[in-house]
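**Q** Here it is: the structure, laid out below.
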Amino acid sequence: MAGSLEHNEKIIGDAAWRRFVMTFVSVFGGGLALLYILIIVIDPYDSGRFPTFMPSGVSDENQQTANASVGRNPRFNAAVFGNSHGMLLSPARLANLTNLPFVQMTSPGSGPREQILLMRWFMHHHQHIGAFVLAADQTWCTRDPAIPMLYQFPPWLYGDSNLDYLAHLLNTRAVTTAYRRVLFALGFIKPTDPDGYRDYEVGRTWNFRPETAAGGTLAPILSDAADRSFPALEALDKVLADVPADTPVIVVMPPQFYTLLPAPGSSKAAEFSTCKAELASRVRARTRGGFLDYLTDTPIARNPENFMDAEHYRANVARAIEKDIAAVLAGGSPQPVRAVAQ
Amino acid sequence: MLFQSQGFTLIFLPLAVLAYYAVARSVAARQYVLIAASLVFYGWWDARFIPLLVGQITASWLLAVLGARLKRAWPLYAGIVLNLASLATFKYLDFLLASAQGLIGIELPRAHILLPIGISFFSFQLISYLVDRLRDDAPIYPFRPFALFVMLFPHLIAGPIVRHNELVPQFDLDPFRSGLWQRIGTGLVLFTIGFAKKVLLADKLAEMADPLFARAGHEWLSLGDAWTAALAFSFQLFLDFSAYTEMAIGIALLFGLLLPENFRRPYLSTSLRDFWRRWHISLSNFIRDYLYIPLGGSRNGPVVYVFATLVAMAICGLWHGAGWTYVAWGTWHGLGLITCHAWQKLARPMPALAGWAITMLFVLVGWVLFRAADFSTATSILAAMAGADGLTGALRNAPLLGVAAAVSALLPSAYEIMERRPILTPAVATAFAVLAGFCVLEVGRGPPLSFIYFRF
């Protein structure tokens with residue numbers, strides 16, 4: 001083989017190979033460097049981390065990355081955080097009910113760690129916060145001190161480190177998002193709704209036929225760990241400590257179909273109650289705090305017509321929760337609604 | 001650090017190449033650069049295993065030197081035992097305990113030792129050197145080139161398995177000698193081809209094969225799914241491992257070094273013996289030279305031949321992984337080689353197409369054993385492939401399987417590429433650069449998938 005290399009070399013000569021190598025290195029290195037600089041300047045996720053000539057606005061269709069743009073829009077100063085369990089709370093209707101410019105910052109499939117990053121992002125980009133609504137679910141009751149991320153999520157996009165952000169920009173996803181942003185800037189695609197709202201009922205037909213026996217899949221998230229603290233709630237404490245004392249903070253635990261709830265009287269049910277009580281006491285300790293718990297066995301939770309699937313409630317439930325949130329923001333202390341009309 | 005990761009391609013490798021050529025006029029300095037780069041590369045996974053790597057190298061070298069000084073063989077045997085003991089402890093201890101427990105029926109504790117990456121490869125290279133010393137077929141090298149021969153990062157984790165006399169003499173060659181740009185250019189081409197095969201094909205095939213093999217562990221697959229699983233893994237394994245080899249050979253060429261051949265389009269083989277002359281050639285050669293022939297080979301009668309073949313291939317299987325499925329896979333190939341040998345003795349040549357079809361079917365069945373987590377999963381897939389659960393379902397993602405088949409069969413191997421007269425136009429260079437750039441972008445989408453052979 002070495003012989004064949006030497007043989008070829010005599011025929012072709014080193015000059016041709018040198019040109020070949022130089023072309024390769026120039027195109028590869030120069031091309032990637034140029035592309036990288038372009039991506040940084042285009043700012044595909046509208047993160048505002050570096051100077052850009054692109055107009056602001058949401059061009060991203062991926063909710064997990066679109067929140068970077070949504071969360072720094074100065075038009076809004078009140079936000080809903082959470083995962084898909086908070087998605088159906090409409091910022092426009094909340095704004096109508098409360099006169100506060102609401103934005104949706106929920107991220108489907110996320111857990112406390114991701115949601116805290118989004119809260120920090122929103123706080124970092126807003127001097128004044130009108131209201132802070134968290135749609136919490138059982139994931140906040142984890143006993144795992146690592147508070148692991150539950151699904152694919154870009155922490156580098158919302159974290160403090162610009163270096164970490166830069167390390168995640170050289171890939172085909174960033175390239176296609178940057179391309180989409182250029183089309184957006186040129187007017188070829190319309191901006192995505194700036195208040196971040198996505199209605200998961202749109203395009204789907206209600207067809208929930210519950211078959212699961214009661215006693216629940218909420219239970220596995222809870223555990224019998226020796227450490228009796230709730231690390232996610234402790235992490236939430238640190239966030240809330242940075243939210244001005246007079247800013248209203250409301251924690252909502254949206255309903256899920258009753259079969260998912262821990263069996264009554266079980267140790268899991270007791271643990272879930274403890275977690276909820278801890279969460280409620282934290283929020284109620286604030287000057288303007290409210291805790292609305294729908295994640296219980298109520299007529300709402302027992303009616304399949306209130307759900308798209310076992311975990312996700314429908315618009316009629318969302319409207320009722322929005323009214324309760326507005327009532328808390330108005331200074332009231334409503335009991336969470338227990339039944340809703342279809 | 002994986003070859004295809006952005007950290008390796010954009011930072012580590014360019015820095016290592018620049019540092020190497022900056023000091024390349026000095027033999028010692030360039031060897032130190034390669035040793036330092038190799039230690040960083042290895043330590044990137046788990047720095048705790050660096051002492052093991054350096055310890056095995058140092059101990060083997062000291063024992064070789066002692067053997068030479070004393071003119072005795074026992075230090076060399078001690079070195080072989082030491083390397084085998086390390087391999088047995090770190091790779092096979094829990095397997096041996098589990099097997100013993102199965103035999104005696106008493107629950108035994110497990111060591112749960114983390115497997116040091118690449119241990120099978122560097123241990124085998126050290127053993128081969130010590131055996132060659134016993135055969136009076138290897139000199140005593142100075143420590144630095146000896147250490148570098150074992151730990152050179154392009155081949156350290158997953159081969160090709162290099163013999164000392166293939167590599168150590170190359171360390172003295174001037175990197176600026178005639179053919180510098182050809183070596184670098186060829187290295188870039190091979191690296192890019194391997195990069196593309198890994199990122200654009202092998203990893204996509206893994207997304208097909210992995211869930212199906214996982215499902216087969218607890219439910220029956222349809223005929224279509226079972227064949228999809230078997231075919232997807234067969235192509236994935238070849239494309240993944242040959243991609244690694246091409247990248248390794250390409251990287252070594254950037255430093256002016258030539259690694260041995262490992263593949264020659266094995267899925268074109270028309271017999272099983274042909275297959276083993278084309279598949280993982282460096283391991284086949286090692287097994288032949290250090291196991292099969294010492295066990296008697298084919299020149300001491302049929303009984304010895306059968307014994308040597310079965311034992312050598314079973315050990316070959318066990319080398320891949322600490323599990324009985326690997327032993328069964330090796331034995332399956334041993335039986336196949338014996339059958340093939342017997343047929344060839346009949347002097348009734350089989351038509352090439354029939355030979356290819358039988359060989360591929362045999363290899364495919366073997367890969368199911370090789371990949372399955374246990375015998376019941378393997379049996380379940382093989383039964384489903386035979387239609388035991390009905391003739392339902394179709395091949396999934398047939399276009400991807402088709403492309404994988406075409407690339408496996410038609411794309412020349414690394415050495416075939418080097419032996420051809422290349423087209424050196426700027427357009428070709430640009431095309432390779434764009435392909436490499438696209439792979440960098442594609443691999444940046446998420447954590448890169450490890451190469452299959454890294455776990456062996």
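In the structure tokens, chains take the letters A, B, ... in the order shown, each chain's residues start at 1, and ligands count up from 1 in the order shown.
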Pull the alpha helix (DSSP H) assignments for region 212-412 of chain B out of DSSP run on the backbone, and list those residues as a ChimeraX atom specification.
**A** /B:212-216,223-254,272-278,281-287,302-320,324-345,352-371,375-385,398-410
**Q** What residues in chain B lie within 6 Å of chain A, counting only C-alpha atoms, written as a PDB file with C-alpha atoms, in the first residue's frame?
**A**
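Written output follows (selection_11.pdb):
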```
ATOM      1  CA  TRP B 181       0.360  16.524   0.574  1.00  0.00           C
ATOM      2  CA  GLN B 182      -0.800  13.243  -0.865  1.00  0.00           C
ATOM      3  CA  GLY B 185      -5.151  14.833   1.103  1.00  0.00           C
ATOM      4  CA  GLU B 419      -4.804   2.289  -4.531  1.00  0.00           C
ATOM      5  CA  LEU B 424      -7.700  16.012  -7.803  1.00  0.00           C
ATOM      6  CA  ALA B 429     -11.997  18.883  -3.090  1.00  0.00           C
ATOM      7  CA  THR B 430     -14.908  21.288  -2.658  1.00  0.00           C
ATOM      8  CA  ALA B 433     -15.196  19.747   2.064  1.00  0.00           C
ATOM      9  CA  GLY B 437     -18.981  20.503   6.696  1.00  0.00           C
ATOM     10  CA  LEU B 441     -23.509  20.529  11.153  1.00  0.00           C
ATOM     11  CA  GLU B 442     -25.525  17.330  11.326  1.00  0.00           C
ATOM     12  CA  GLY B 444     -24.079  19.252  16.084  1.00  0.00           C
ATOM     13  CA  ARG B 445     -27.806  18.562  16.430  1.00  0.00           C
TER      14      ARG B 445
END
```
**Q** Could you give me, as a list in words, the residues within 9 Å of Ser56 (chain A), counting only C-alpha atoms and dropping anything in the same chain fewer than 6 positions from it?
**A**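 So the residues in contact are Asp46, Gly48, Ser69, Asn73 and Ala185 of chain A.
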**Q** Which residues come within 12 Å of Phe375 (chain B), counting only C-alpha atoms, excluding same-chain residues fewer than 4 positions away, as a PDB file with C-alpha atoms, in the first residue's frame?
**A**
```pdb
ATOM      1  CA  ALA B 216     -38.107  -8.172  20.395  1.00  0.00           C
ATOM      2  CA  GLY B 217     -37.034  -8.642  24.013  1.00  0.00           C
ATOM      3  CA  GLY B 323     -21.665 -12.671  27.049  1.00  0.00           C
ATOM      4  CA  TRP B 324     -22.613 -16.140  25.855  1.00  0.00           C
ATOM      5  CA  THR B 325     -24.367 -14.690  22.817  1.00  0.00           C
ATOM      6  CA  TYR B 326     -20.955 -13.505  21.595  1.00  0.00           C
ATOM      7  CA  VAL B 327     -19.465 -16.962  22.200  1.00  0.00           C
ATOM      8  CA  ALA B 328     -22.387 -18.473  20.294  1.00  0.00           C
ATOM      9  CA  TRP B 329     -21.835 -16.000  17.458  1.00  0.00           C
ATOM     10  CA  GLY B 366     -24.949 -14.388  13.062  1.00  0.00           C
ATOM     11  CA  VAL B 368     -28.859 -11.260  15.085  1.00  0.00           C
ATOM     12  CA  LEU B 369     -27.081 -13.392  17.706  1.00  0.00           C
ATOM     13  CA  PHE B 370     -24.356 -10.763  17.994  1.00  0.00           C
ATOM     14  CA  ARG B 371     -26.752  -7.858  18.557  1.00  0.00           C
ATOM     15  CA  THR B 379     -34.461 -16.765  18.943  1.00  0.00           C
ATOM     16  CA  SER B 380     -37.544 -14.600  18.816  1.00  0.00           C
ATOM     17  CA  ILE B 381     -36.165 -12.492  15.947  1.00  0.00           C
ATOM     18  CA  LEU B 382     -34.854 -15.469  14.002  1.00  0.00           C
ATOM     19  CA  ALA B 383     -38.166 -17.294  14.408  1.00  0.00           C
TER      20      ALA B 383
END
```
